[in-house]
file start-v5.pdb (PDB, C-alpha atoms)
ATOM      1  CA  MET Q 148       0.000   0.000   0.000  1.00  0.00           C
ATOM      2  CA  THR Q 149       1.321   3.486  -0.992  1.00  0.00           C
ATOM      3  CA  ASP Q 150       1.811   6.112   1.716  1.00  0.00           C
ATOM      4  CA  SER Q 151      -0.375   9.063   0.751  1.00  0.00           C
ATOM      5  CA  ARG Q 152       0.853  11.422   3.485  1.00  0.00           C
ATOM      6  CA  PRO Q 153       2.016  14.930   2.303  1.00  0.00           C
ATOM      7  CA  THR Q 154       5.556  15.050   1.031  1.00  0.00           C
ATOM      8  CA  LYS Q 155       7.984  16.532   3.533  1.00  0.00           C
ATOM      9  CA  GLN Q 156      10.274  19.314   2.215  1.00  0.00           C
ATOM     10  CA  ARG Q 157      13.275  20.749   3.913  1.00  0.00           C
ATOM     11  CA  GLY Q 158      15.537  23.712   3.238  1.00  0.00           C
ATOM     12  CA  ARG Q 159      19.264  23.548   2.826  1.00  0.00           C
ATOM     13  CA  ALA Q 160      21.554  26.560   3.067  1.00  0.00           C
ATOM     14  CA  ASP Q 161      23.704  27.269   0.021  1.00  0.00           C
ATOM     15  CA  TRP Q 162      27.089  27.606   1.691  1.00  0.00           C
ATOM     16  CA  ARG Q 163      28.662  29.319  -1.316  1.00  0.00           C
ATOM     17  CA  LEU Q 164      26.107  32.122  -1.250  1.00  0.00           C
ATOM     18  CA  LEU Q 165      26.444  32.446   2.527  1.00  0.00           C
ATOM     19  CA  LEU Q 166      30.226  32.658   2.204  1.00  0.00           C
ATOM     20  CA  PHE Q 167      30.006  35.312  -0.511  1.00  0.00           C
ATOM     21  CA  SER Q 168      27.533  37.383   1.489  1.00  0.00           C
ATOM     22  CA  GLY Q 169      29.512  36.942   4.700  1.00  0.00           C
ATOM     23  CA  LEU Q 170      32.585  38.374   3.020  1.00  0.00           C
ATOM     24  CA  LEU Q 171      30.860  41.200   1.130  1.00  0.00           C
ATOM     25  CA  LEU Q 172      28.426  42.423   3.780  1.00  0.00           C
ATOM     26  CA  PRO Q 173      31.080  43.710   6.237  1.00  0.00           C
ATOM     27  CA  VAL Q 174      32.798  45.519   3.367  1.00  0.00           C
ATOM     28  CA  LEU Q 175      29.582  47.317   2.382  1.00  0.00           C
ATOM     29  CA  ILE Q 176      28.875  48.314   5.975  1.00  0.00           C
ATOM     30  CA  ALA Q 177      32.461  49.498   6.480  1.00  0.00           C
ATOM     31  CA  LEU Q 178      32.268  51.632   3.331  1.00  0.00           C
ATOM     32  CA  GLY Q 179      29.043  53.212   4.562  1.00  0.00           C
ATOM     33  CA  ILE Q 180      30.573  54.018   7.951  1.00  0.00           C
ATOM     34  CA  TRP Q 181      33.696  55.408   6.278  1.00  0.00           C
ATOM     35  CA  GLN Q 182      31.570  57.743   4.145  1.00  0.00           C
ATOM     36  CA  LEU Q 183      29.819  58.984   7.293  1.00  0.00           C
ATOM     37  CA  HIS Q 184      33.194  59.755   8.860  1.00  0.00           C
ATOM     38  CA  ARG Q 185      34.310  61.528   5.694  1.00  0.00           C
ATOM     39  CA  ALA Q 186      31.127  63.607   5.672  1.00  0.00           C
ATOM     40  CA  ALA Q 187      31.742  64.666   9.280  1.00  0.00           C
ATOM     41  CA  GLU Q 188      35.344  65.620   8.470  1.00  0.00           C
ATOM     42  CA  LYS Q 189      34.310  67.639   5.430  1.00  0.00           C
ATOM     43  CA  GLN Q 190      31.569  69.398   7.378  1.00  0.00           C
ATOM     44  CA  ALA Q 191      34.059  70.358  10.096  1.00  0.00           C
ATOM     45  CA  LEU Q 192      36.503  71.679   7.478  1.00  0.00           C
ATOM     46  CA  LEU Q 193      33.731  73.614   5.732  1.00  0.00           C
ATOM     47  CA  ASP Q 194      32.644  75.127   9.062  1.00  0.00           C
ATOM     48  CA  ARG Q 195      36.202  76.218   9.773  1.00  0.00           C
ATOM     49  CA  TRP Q 196      36.475  77.743   6.304  1.00  0.00           C
ATOM     50  CA  GLN Q 197      33.236  79.675   6.620  1.00  0.00           C
ATOM     51  CA  HIS Q 198      33.319  80.725  10.269  1.00  0.00           C
ATOM     52  CA  GLN Q 199      36.955  81.163  11.276  1.00  0.00           C
ATOM     53  CA  ALA Q 200      37.029  84.932  11.416  1.00  0.00           C
ATOM     54  CA  GLU Q 201      40.127  85.251  13.583  1.00  0.00           C
ATOM     55  CA  THR Q 202      43.307  85.668  11.579  1.00  0.00           C
ATOM     56  CA  LEU Q 203      46.390  84.503  13.434  1.00  0.00           C
ATOM     57  CA  ASP Q 204      49.890  85.856  13.063  1.00  0.00           C
ATOM     58  CA  TRP Q 205      52.468  83.327  11.954  1.00  0.00           C
ATOM     59  CA  SER Q 206      54.399  83.595  15.204  1.00  0.00           C
ATOM     60  CA  GLY Q 207      51.263  82.973  17.269  1.00  0.00           C
ATOM     61  CA  LEU Q 208      50.243  80.064  15.085  1.00  0.00           C
ATOM     62  CA  LEU Q 209      53.461  78.188  15.805  1.00  0.00           C
ATOM     63  CA  ALA Q 210      52.484  77.614  19.419  1.00  0.00           C
ATOM     64  CA  SER Q 211      49.230  75.895  18.423  1.00  0.00           C
ATOM     65  CA  GLU Q 212      48.336  72.934  16.246  1.00  0.00           C
ATOM     66  CA  PRO Q 213      47.427  74.559  12.936  1.00  0.00           C
ATOM     67  CA  GLU Q 214      44.672  73.046  10.799  1.00  0.00           C
ATOM     68  CA  PRO Q 215      43.827  73.475   7.107  1.00  0.00           C
ATOM     69  CA  GLY Q 216      41.497  76.405   6.506  1.00  0.00           C
ATOM     70  CA  GLN Q 217      42.893  78.533   9.360  1.00  0.00           C
ATOM     71  CA  PRO Q 218      43.323  82.194   8.280  1.00  0.00           C
ATOM     72  CA  VAL Q 219      46.859  83.424   8.830  1.00  0.00           C
ATOM     73  CA  ARG Q 220      48.898  86.603   8.370  1.00  0.00           C
ATOM     74  CA  ILE Q 221      52.610  86.350   7.692  1.00  0.00           C
ATOM     75  CA  THR Q 222      55.423  88.875   7.133  1.00  0.00           C
ATOM     76  CA  GLY Q 223      58.721  88.095   5.458  1.00  0.00           C
ATOM     77  CA  LEU Q 224      60.422  87.714   2.100  1.00  0.00           C
ATOM     78  CA  TYR Q 225      59.782  85.544  -0.929  1.00  0.00           C
ATOM     79  CA  GLY Q 226      62.570  83.146  -1.847  1.00  0.00           C
ATOM     80  CA  ASP Q 227      63.955  82.226  -5.233  1.00  0.00           C
ATOM     81  CA  GLN Q 228      62.475  78.702  -5.286  1.00  0.00           C
ATOM     82  CA  SER Q 229      59.226  78.429  -7.240  1.00  0.00           C
ATOM     83  CA  TRP Q 230      57.434  75.299  -8.397  1.00  0.00           C
ATOM     84  CA  LEU Q 231      54.808  75.190 -11.133  1.00  0.00           C
ATOM     85  CA  LEU Q 232      52.126  72.669 -10.198  1.00  0.00           C
ATOM     86  CA  ASP Q 233      51.099  71.163 -13.519  1.00  0.00           C
ATOM     87  CA  ASN Q 234      47.684  70.199 -14.922  1.00  0.00           C
ATOM     88  CA  ARG Q 235      45.682  72.924 -13.229  1.00  0.00           C
ATOM     89  CA  THR Q 236      42.889  74.283 -15.410  1.00  0.00           C
ATOM     90  CA  ARG Q 237      40.679  77.333 -15.051  1.00  0.00           C
ATOM     91  CA  ASP Q 238      37.719  78.028 -17.333  1.00  0.00           C
ATOM     92  CA  GLY Q 239      38.879  75.183 -19.558  1.00  0.00           C
ATOM     93  CA  ARG Q 240      42.349  76.680 -20.040  1.00  0.00           C
ATOM     94  CA  PRO Q 241      45.490  74.785 -18.992  1.00  0.00           C
ATOM     95  CA  GLY Q 242      47.870  76.351 -16.544  1.00  0.00           C
ATOM     96  CA  TYR Q 243      49.871  76.050 -13.361  1.00  0.00           C
ATOM     97  CA  GLU Q 244      49.573  76.901  -9.688  1.00  0.00           C
ATOM     98  CA  VAL Q 245      52.651  78.818  -8.603  1.00  0.00           C
ATOM     99  CA  ILE Q 246      54.150  77.730  -5.279  1.00  0.00           C
ATOM    100  CA  THR Q 247      57.016  79.803  -3.911  1.00  0.00           C
ATOM    101  CA  ALA Q 248      59.165  79.504  -0.804  1.00  0.00           C
ATOM    102  CA  PHE Q 249      58.593  82.233   1.772  1.00  0.00           C
ATOM    103  CA  PHE Q 250      60.879  83.135   4.659  1.00  0.00           C
ATOM    104  CA  PRO Q 251      59.055  84.814   7.565  1.00  0.00           C
ATOM    105  CA  LEU Q 252      60.802  87.274   9.813  1.00  0.00           C
ATOM    106  CA  GLU Q 253      60.026  84.880  12.650  1.00  0.00           C
ATOM    107  CA  GLY Q 254      59.491  81.141  12.510  1.00  0.00           C
ATOM    108  CA  PRO Q 255      60.150  78.414   9.945  1.00  0.00           C
ATOM    109  CA  PRO Q 256      59.937  78.915   6.189  1.00  0.00           C
ATOM    110  CA  VAL Q 257      56.691  78.070   4.458  1.00  0.00           C
ATOM    111  CA  LEU Q 258      55.508  77.453   0.923  1.00  0.00           C
ATOM    112  CA  VAL Q 259      53.014  79.958  -0.466  1.00  0.00           C
ATOM    113  CA  ASN Q 260      50.551  79.002  -3.187  1.00  0.00           C
ATOM    114  CA  ARG Q 261      50.272  82.240  -5.133  1.00  0.00           C
ATOM    115  CA  GLY Q 262      47.429  81.152  -7.391  1.00  0.00           C
ATOM    116  CA  TRP Q 263      46.882  80.113 -10.984  1.00  0.00           C
ATOM    117  CA  LEU Q 264      48.850  81.204 -14.026  1.00  0.00           C
ATOM    118  CA  PRO Q 265      47.953  80.303 -17.658  1.00  0.00           C
ATOM    119  CA  ALA Q 266      50.355  78.045 -19.526  1.00  0.00           C
ATOM    120  CA  PRO Q 267      52.082  79.195 -22.724  1.00  0.00           C
ATOM    121  CA  ALA Q 268      50.870  77.693 -25.988  1.00  0.00           C
ATOM    122  CA  ARG Q 269      54.011  75.574 -26.305  1.00  0.00           C
ATOM    123  CA  ARG Q 270      54.630  72.804 -23.784  1.00  0.00           C
ATOM    124  CA  ASP Q 271      58.400  73.323 -23.853  1.00  0.00           C
ATOM    125  CA  ARG Q 272      57.998  76.851 -22.511  1.00  0.00           C
ATOM    126  CA  LEU Q 273      57.246  77.861 -18.937  1.00  0.00           C
ATOM    127  CA  PRO Q 274      55.370  80.998 -17.888  1.00  0.00           C
ATOM    128  CA  GLU Q 275      57.341  83.903 -16.544  1.00  0.00           C
ATOM    129  CA  VAL Q 276      57.025  84.150 -12.769  1.00  0.00           C
ATOM    130  CA  GLN Q 277      57.578  87.601 -11.291  1.00  0.00           C
ATOM    131  CA  THR Q 278      58.252  87.627  -7.545  1.00  0.00           C
ATOM    132  CA  PRO Q 279      58.124  90.746  -5.341  1.00  0.00           C
ATOM    133  CA  ALA Q 280      61.345  91.778  -3.663  1.00  0.00           C
ATOM    134  CA  GLY Q 281      61.649  93.055  -0.125  1.00  0.00           C
ATOM    135  CA  ILE Q 282      59.545  92.493   2.964  1.00  0.00           C
ATOM    136  CA  VAL Q 283      55.846  91.917   2.361  1.00  0.00           C
ATOM    137  CA  THR Q 284      52.861  90.922   4.490  1.00  0.00           C
ATOM    138  CA  LEU Q 285      50.603  88.163   3.190  1.00  0.00           C
ATOM    139  CA  ALA Q 286      47.138  87.017   4.199  1.00  0.00           C
ATOM    140  CA  GLY Q 287      45.918  83.538   3.376  1.00  0.00           C
ATOM    141  CA  ARG Q 288      44.713  80.211   4.661  1.00  0.00           C
ATOM    142  CA  LEU Q 289      46.604  77.113   5.647  1.00  0.00           C
ATOM    143  CA  SER Q 290      46.370  74.183   3.259  1.00  0.00           C
ATOM    144  CA  HIS Q 291      47.824  70.713   2.710  1.00  0.00           C
ATOM    145  CA  TYR Q 292      50.759  70.122   0.420  1.00  0.00           C
ATOM    146  CA  PRO Q 293      49.667  69.190  -3.127  1.00  0.00           C
ATOM    147  CA  GLU Q 294      50.260  65.454  -3.024  1.00  0.00           C
ATOM    148  CA  PRO Q 295      47.585  63.548  -4.980  1.00  0.00           C
ATOM    149  CA  PRO Q 296      47.879  59.851  -4.061  1.00  0.00           C
ATOM    150  CA  VAL Q 297      47.186  58.678  -7.609  1.00  0.00           C
ATOM    151  CA  LEU Q 298      50.289  60.279  -9.080  1.00  0.00           C
ATOM    152  CA  ALA Q 299      53.557  58.434  -8.920  1.00  0.00           C
ATOM    153  CA  ASP Q 300      57.008  59.949  -8.708  1.00  0.00           C
ATOM    154  CA  THR Q 301      58.111  61.503 -11.983  1.00  0.00           C
ATOM    155  CA  GLY Q 302      61.851  61.185 -11.494  1.00  0.00           C
ATOM    156  CA  PRO Q 303      64.468  63.736 -10.470  1.00  0.00           C
ATOM    157  CA  GLU Q 304      63.657  67.418 -10.625  1.00  0.00           C
ATOM    158  CA  ALA Q 305      65.024  69.614 -13.360  1.00  0.00           C
ATOM    159  CA  SER Q 306      67.580  72.266 -12.531  1.00  0.00           C
ATOM    160  CA  GLY Q 307      66.851  75.965 -12.442  1.00  0.00           C
ATOM    161  CA  TRP Q 308      63.752  77.872 -11.370  1.00  0.00           C
ATOM    162  CA  PRO Q 309      60.836  77.736 -11.739  1.00  0.00           C
ATOM    163  CA  ARG Q 310      60.376  73.954 -11.920  1.00  0.00           C
ATOM    164  CA  ARG Q 311      57.413  72.105 -13.339  1.00  0.00           C
ATOM    165  CA  VAL Q 312      56.075  69.370 -11.004  1.00  0.00           C
ATOM    166  CA  GLN Q 313      53.068  67.073 -10.928  1.00  0.00           C
ATOM    167  CA  ARG Q 314      53.027  66.920  -7.141  1.00  0.00           C
ATOM    168  CA  LEU Q 315      54.930  68.555  -4.332  1.00  0.00           C
ATOM    169  CA  PRO Q 316      55.101  66.556  -1.098  1.00  0.00           C
ATOM    170  CA  ARG Q 317      56.769  68.188   1.850  1.00  0.00           C
ATOM    171  CA  ALA Q 318      59.777  65.845   1.743  1.00  0.00           C
ATOM    172  CA  GLN Q 319      60.482  66.823  -1.851  1.00  0.00           C
ATOM    173  CA  ALA Q 320      60.215  70.546  -1.145  1.00  0.00           C
ATOM    174  CA  GLU Q 321      62.458  70.253   1.912  1.00  0.00           C
ATOM    175  CA  GLN Q 322      65.305  69.072  -0.292  1.00  0.00           C
ATOM    176  CA  GLN Q 323      65.451  72.675  -1.500  1.00  0.00           C
ATOM    177  CA  VAL Q 324      64.063  74.506   1.547  1.00  0.00           C
ATOM    178  CA  PRO Q 325      64.942  72.651   4.789  1.00  0.00           C
ATOM    179  CA  GLY Q 326      62.734  72.991   7.864  1.00  0.00           C
ATOM    180  CA  LEU Q 327      59.473  73.802   6.119  1.00  0.00           C
ATOM    181  CA  ALA Q 328      56.259  74.289   8.080  1.00  0.00           C
ATOM    182  CA  PRO Q 329      53.877  71.292   8.037  1.00  0.00           C
ATOM    183  CA  LEU Q 330      51.261  73.183   6.003  1.00  0.00           C
ATOM    184  CA  LEU Q 331      51.490  75.696   3.209  1.00  0.00           C
ATOM    185  CA  VAL Q 332      49.665  79.021   2.785  1.00  0.00           C
ATOM    186  CA  ARG Q 333      47.202  79.816   0.008  1.00  0.00           C
ATOM    187  CA  LEU Q 334      47.009  83.518  -0.679  1.00  0.00           C
ATOM    188  CA  ASP Q 335      43.665  85.081   0.150  1.00  0.00           C
ATOM    189  CA  GLY Q 336      42.791  86.954  -3.024  1.00  0.00           C
ATOM    190  CA  ASP Q 337      44.402  88.396  -6.128  1.00  0.00           C
ATOM    191  CA  ASP Q 338      45.341  91.643  -4.341  1.00  0.00           C
ATOM    192  CA  GLN Q 339      47.983  89.967  -2.180  1.00  0.00           C
ATOM    193  CA  PRO Q 340      51.661  90.734  -2.900  1.00  0.00           C
ATOM    194  CA  GLY Q 341      52.893  88.288  -5.520  1.00  0.00           C
ATOM    195  CA  ALA Q 342      49.456  86.794  -6.150  1.00  0.00           C
ATOM    196  CA  PHE Q 343      48.245  85.567  -9.494  1.00  0.00           C
ATOM    197  CA  ARG Q 344      44.688  84.248  -9.831  1.00  0.00           C
ATOM    198  CA  ALA Q 345      43.978  83.276  -6.231  1.00  0.00           C
ATOM    199  CA  ASP Q 346      40.180  82.943  -6.181  1.00  0.00           C
ATOM    200  CA  TRP Q 347      40.151  79.880  -3.958  1.00  0.00           C
ATOM    201  CA  ALA Q 348      37.207  77.917  -2.650  1.00  0.00           C
ATOM    202  CA  PRO Q 349      37.234  74.928  -0.304  1.00  0.00           C
ATOM    203  CA  ASP Q 350      38.719  72.108  -2.370  1.00  0.00           C
ATOM    204  CA  LEU Q 351      36.468  69.353  -1.083  1.00  0.00           C
ATOM    205  CA  MET Q 352      33.481  67.252  -1.894  1.00  0.00           C
ATOM    206  CA  ALA Q 353      30.297  68.501  -0.244  1.00  0.00           C
ATOM    207  CA  PRO Q 354      29.337  66.611   2.951  1.00  0.00           C
ATOM    208  CA  GLY Q 355      25.947  65.810   1.432  1.00  0.00           C
ATOM    209  CA  THR Q 356      27.647  63.846  -1.335  1.00  0.00           C
ATOM    210  CA  HIS Q 357      29.356  61.631   1.248  1.00  0.00           C
ATOM    211  CA  TYR Q 358      26.047  61.113   3.040  1.00  0.00           C
ATOM    212  CA  GLY Q 359      24.525  60.083  -0.284  1.00  0.00           C
ATOM    213  CA  TYR Q 360      27.301  57.551  -0.839  1.00  0.00           C
ATOM    214  CA  ALA Q 361      26.792  56.218   2.693  1.00  0.00           C
ATOM    215  CA  VAL Q 362      23.085  55.685   2.021  1.00  0.00           C
ATOM    216  CA  GLN Q 363      23.954  53.797  -1.157  1.00  0.00           C
ATOM    217  CA  TRP Q 364      26.400  51.480   0.626  1.00  0.00           C
ATOM    218  CA  PHE Q 365      23.945  50.774   3.444  1.00  0.00           C
ATOM    219  CA  ALA Q 366      21.154  50.161   0.907  1.00  0.00           C
ATOM    220  CA  LEU Q 367      23.346  47.656  -0.903  1.00  0.00           C
ATOM    221  CA  ALA Q 368      24.097  45.941   2.401  1.00  0.00           C
ATOM    222  CA  LEU Q 369      20.376  45.699   3.175  1.00  0.00           C
ATOM    223  CA  ALA Q 370      19.566  44.393  -0.304  1.00  0.00           C
ATOM    224  CA  LEU Q 371      22.336  41.810  -0.031  1.00  0.00           C
ATOM    225  CA  THR Q 372      20.991  40.628   3.314  1.00  0.00           C
ATOM    226  CA  ILE Q 373      17.435  40.259   1.979  1.00  0.00           C
ATOM    227  CA  LEU Q 374      18.551  38.468  -1.180  1.00  0.00           C
ATOM    228  CA  THR Q 375      20.741  36.131   0.809  1.00  0.00           C
ATOM    229  CA  VAL Q 376      17.918  35.171   3.162  1.00  0.00           C
ATOM    230  CA  VAL Q 377      15.538  34.588   0.252  1.00  0.00           C
ATOM    231  CA  ALA Q 378      17.947  32.791  -2.070  1.00  0.00           C
ATOM    232  CA  SER Q 379      20.135  30.797   0.279  1.00  0.00           C
ATOM    233  CA  TYR Q 380      17.353  28.300   1.077  1.00  0.00           C
ATOM    234  CA  ARG Q 381      15.969  26.242  -1.731  1.00  0.00           C
ATOM    235  CA  THR Q 382      13.639  23.315  -1.801  1.00  0.00           C
ATOM    236  CA  THR Q 383      15.535  20.081  -1.965  1.00  0.00           C
ATOM    237  CA  GLY Q 384      12.546  17.961  -2.857  1.00  0.00           C
ATOM    238  CA  ALA Q 385      10.623  15.345  -1.066  1.00  0.00           C
ATOM    239  CA  ASP Q 386      11.868  13.281   1.743  1.00  0.00           C
ATOM    240  CA  ASN Q 387      10.918  10.198  -0.199  1.00  0.00           C
ATOM    241  CA  ASP Q 388      11.083   7.442   2.338  1.00  0.00           C
ATOM    242  CA  ASN Q 389       7.759   6.214   1.117  1.00  0.00           C
ATOM    243  CA  ASP Q 390       6.699   2.853   2.390  1.00  0.00           C
ATOM    244  CA  ASN Q 391       5.119   0.454  -0.086  1.00  0.00           C
ATOM    245  CA  GLY Q 392       2.921  -2.171   1.453  1.00  0.00           C
TER     246      GLY Q 392
END
call {"tool": "encode", "arguments": {"input": "start-v5.pdb", "output": "structure tokens"}}
result
Amino acid sequence: MTDSRPTKQRGRADWRLLLFSGLLLPVLIALGIWQLHRAAEKQALLDRWQHQAETLDWSGLLASEPEPGQPVRITGLYGDQSWLLDNRTRDGRPGYEVITAFFPLEGPPVLVNRGWLPAPARRDRLPEVQTPAGIVTLAGRLSHYPEPPVLADTGPEASGWPRRVQRLPRAQAEQQVPGLAPLLVRLDGDDQPGAFRADWAPDLMAPGTHYGYAVQWFALALALTILTVVASYRTTGADNDNDNG
């Protein structure tokens, strides 16, 4: 006689899918958390840029822990060392940012980003860089050294000044100007002594963009979790221990 009881079905976890999800899910969550941290950092930097009204003298700044975006006033002399930071465009036109050594009357030397200068039509020519002589007072904001992580070293520097560079880490600049300050100064406006086109804005991605990326990563993590729960169990068929009698 055939057993007519309902067929029993059981689920079995797909271990390959569980392994894949177990490895990917923490990565998605970590990326979301990282974007939240980045958004908080950018918001703090933007707040400092917009609301730091107090301009510090260079000598007074040395006793504190300076941060990017801090307004600063500095008196001293420009040096002879100028670097032309390559691949900087304005309004679709190629050019350079001019970075020159500056020697304050008090405290360590510092690099000053004097703004943007258009490039000559021919690549083998460099723009003429005029530098004020004598003691001048500059106003600007502290900034990081231009060191994009995606650019590799381009070999030894050329001789003579100015020098064209793709990046200018502090260690490279200190080979020519020992004892440099940990941050450089971006001139605050075209009316500063020795300035070129210095119409700066905070060079950062808006905090809201980072929050948007965080939402995307967390949404992917949630979708992965749901899909894993739904797809990792599949019907394996009947438990066919049917008795024939």
call {"tool": "resolve_selection", "arguments": {"input": "start-v5.pdb", "expression": "the PyMOL selection byres ((chain Q and resi 339-341) around 8)", "output": "number ranges by chain"}}
result
Q: 261, 277-279, 283-286, 334-338, 342-343
call {"tool": "atom_distance", "arguments": {"input": "start-v5.pdb", "atom1": "atom CA of Asn234 of chain Q", "atom2": "atom CA of Gln313 of chain Q"}}
result
7.4 Å
call {"tool": "axis_aligned_box", "arguments": {"input": "start-v5.pdb", "around": "segment 327-332 of chain Q", "padding_each_side": "8 Å", "output": "lines of an AutoDock Vina configuration file"}}
result
center_x = 54.6
center_y = 75.2
center_z = 5.4
size_x = 25.8
size_y = 23.7
size_z = 21.3
call {"tool": "atom_distance", "arguments": {"input": "start-v5.pdb", "atom1": "atom CA of Ser168 of chain Q", "atom2": "atom CA of Leu369 of chain Q"}}
result
11.1 Å
call {"tool": "closest_residue", "arguments": {"input": "start-v5.pdb", "among": "Q:Leu330, Q:Val245, Q:Leu374, Q:Leu315", "to": "Leu273 of chain Q", "atoms": "all atoms listed in the file"}}
result
Q:Val245
call {"tool": "closest_residue", "arguments": {"input": "start-v5.pdb", "among": "Q:Gly262, Q:Pro251, Q:Pro267, Q:Pro173", "to": "Gly223 of chain Q", "atoms": "all atoms listed in the file"}}
result
Q:Pro251
call {"tool": "closest_residue", "arguments": {"input": "start-v5.pdb", "among": "Q:Tyr292, Q:Gly242, Q:Leu327, Q:Leu170", "to": "Ala268 of chain Q", "atoms": "only C-alpha atoms"}}
result
Q:Gly242
call {"tool": "atom_distance", "arguments": {"input": "start-v5.pdb", "atom1": "atom CA of Pro213 of chain Q", "atom2": "atom CA of His184 of chain Q"}}
result
20.9 Å
call {"tool": "closest_residue", "arguments": {"input": "start-v5.pdb", "among": "Q:Arg288, Q:Val257, Q:Arg311, Q:Phe249", "to": "Arg272 of chain Q", "atoms": "only C-alpha atoms"}}
result
Q:Arg311
call {"tool": "closest_residue", "arguments": {"input": "start-v5.pdb", "among": "Q:Leu289, Q:Ala187, Q:Val332, Q:Ile282", "to": "Tyr225 of chain Q", "atoms": "only C-alpha atoms"}}
result
Q:Ile282
call {"tool": "closest_residue", "arguments": {"input": "start-v5.pdb", "among": "Q:Leu166, Q:Val259, Q:Ile373, Q:Ala280", "to": "Pro293 of chain Q", "atoms": "only C-alpha atoms"}}
result
Q:Val259
call {"tool": "residues_near_point", "arguments": {"input": "start-v5.pdb", "point": "(44.4, 87.5, 13.3)", "cutoff": "7 Å", "atoms": "only C-alpha atoms", "output": "MDAnalysis selection string"}}
result
chainID Q and resid 201:204 219:220
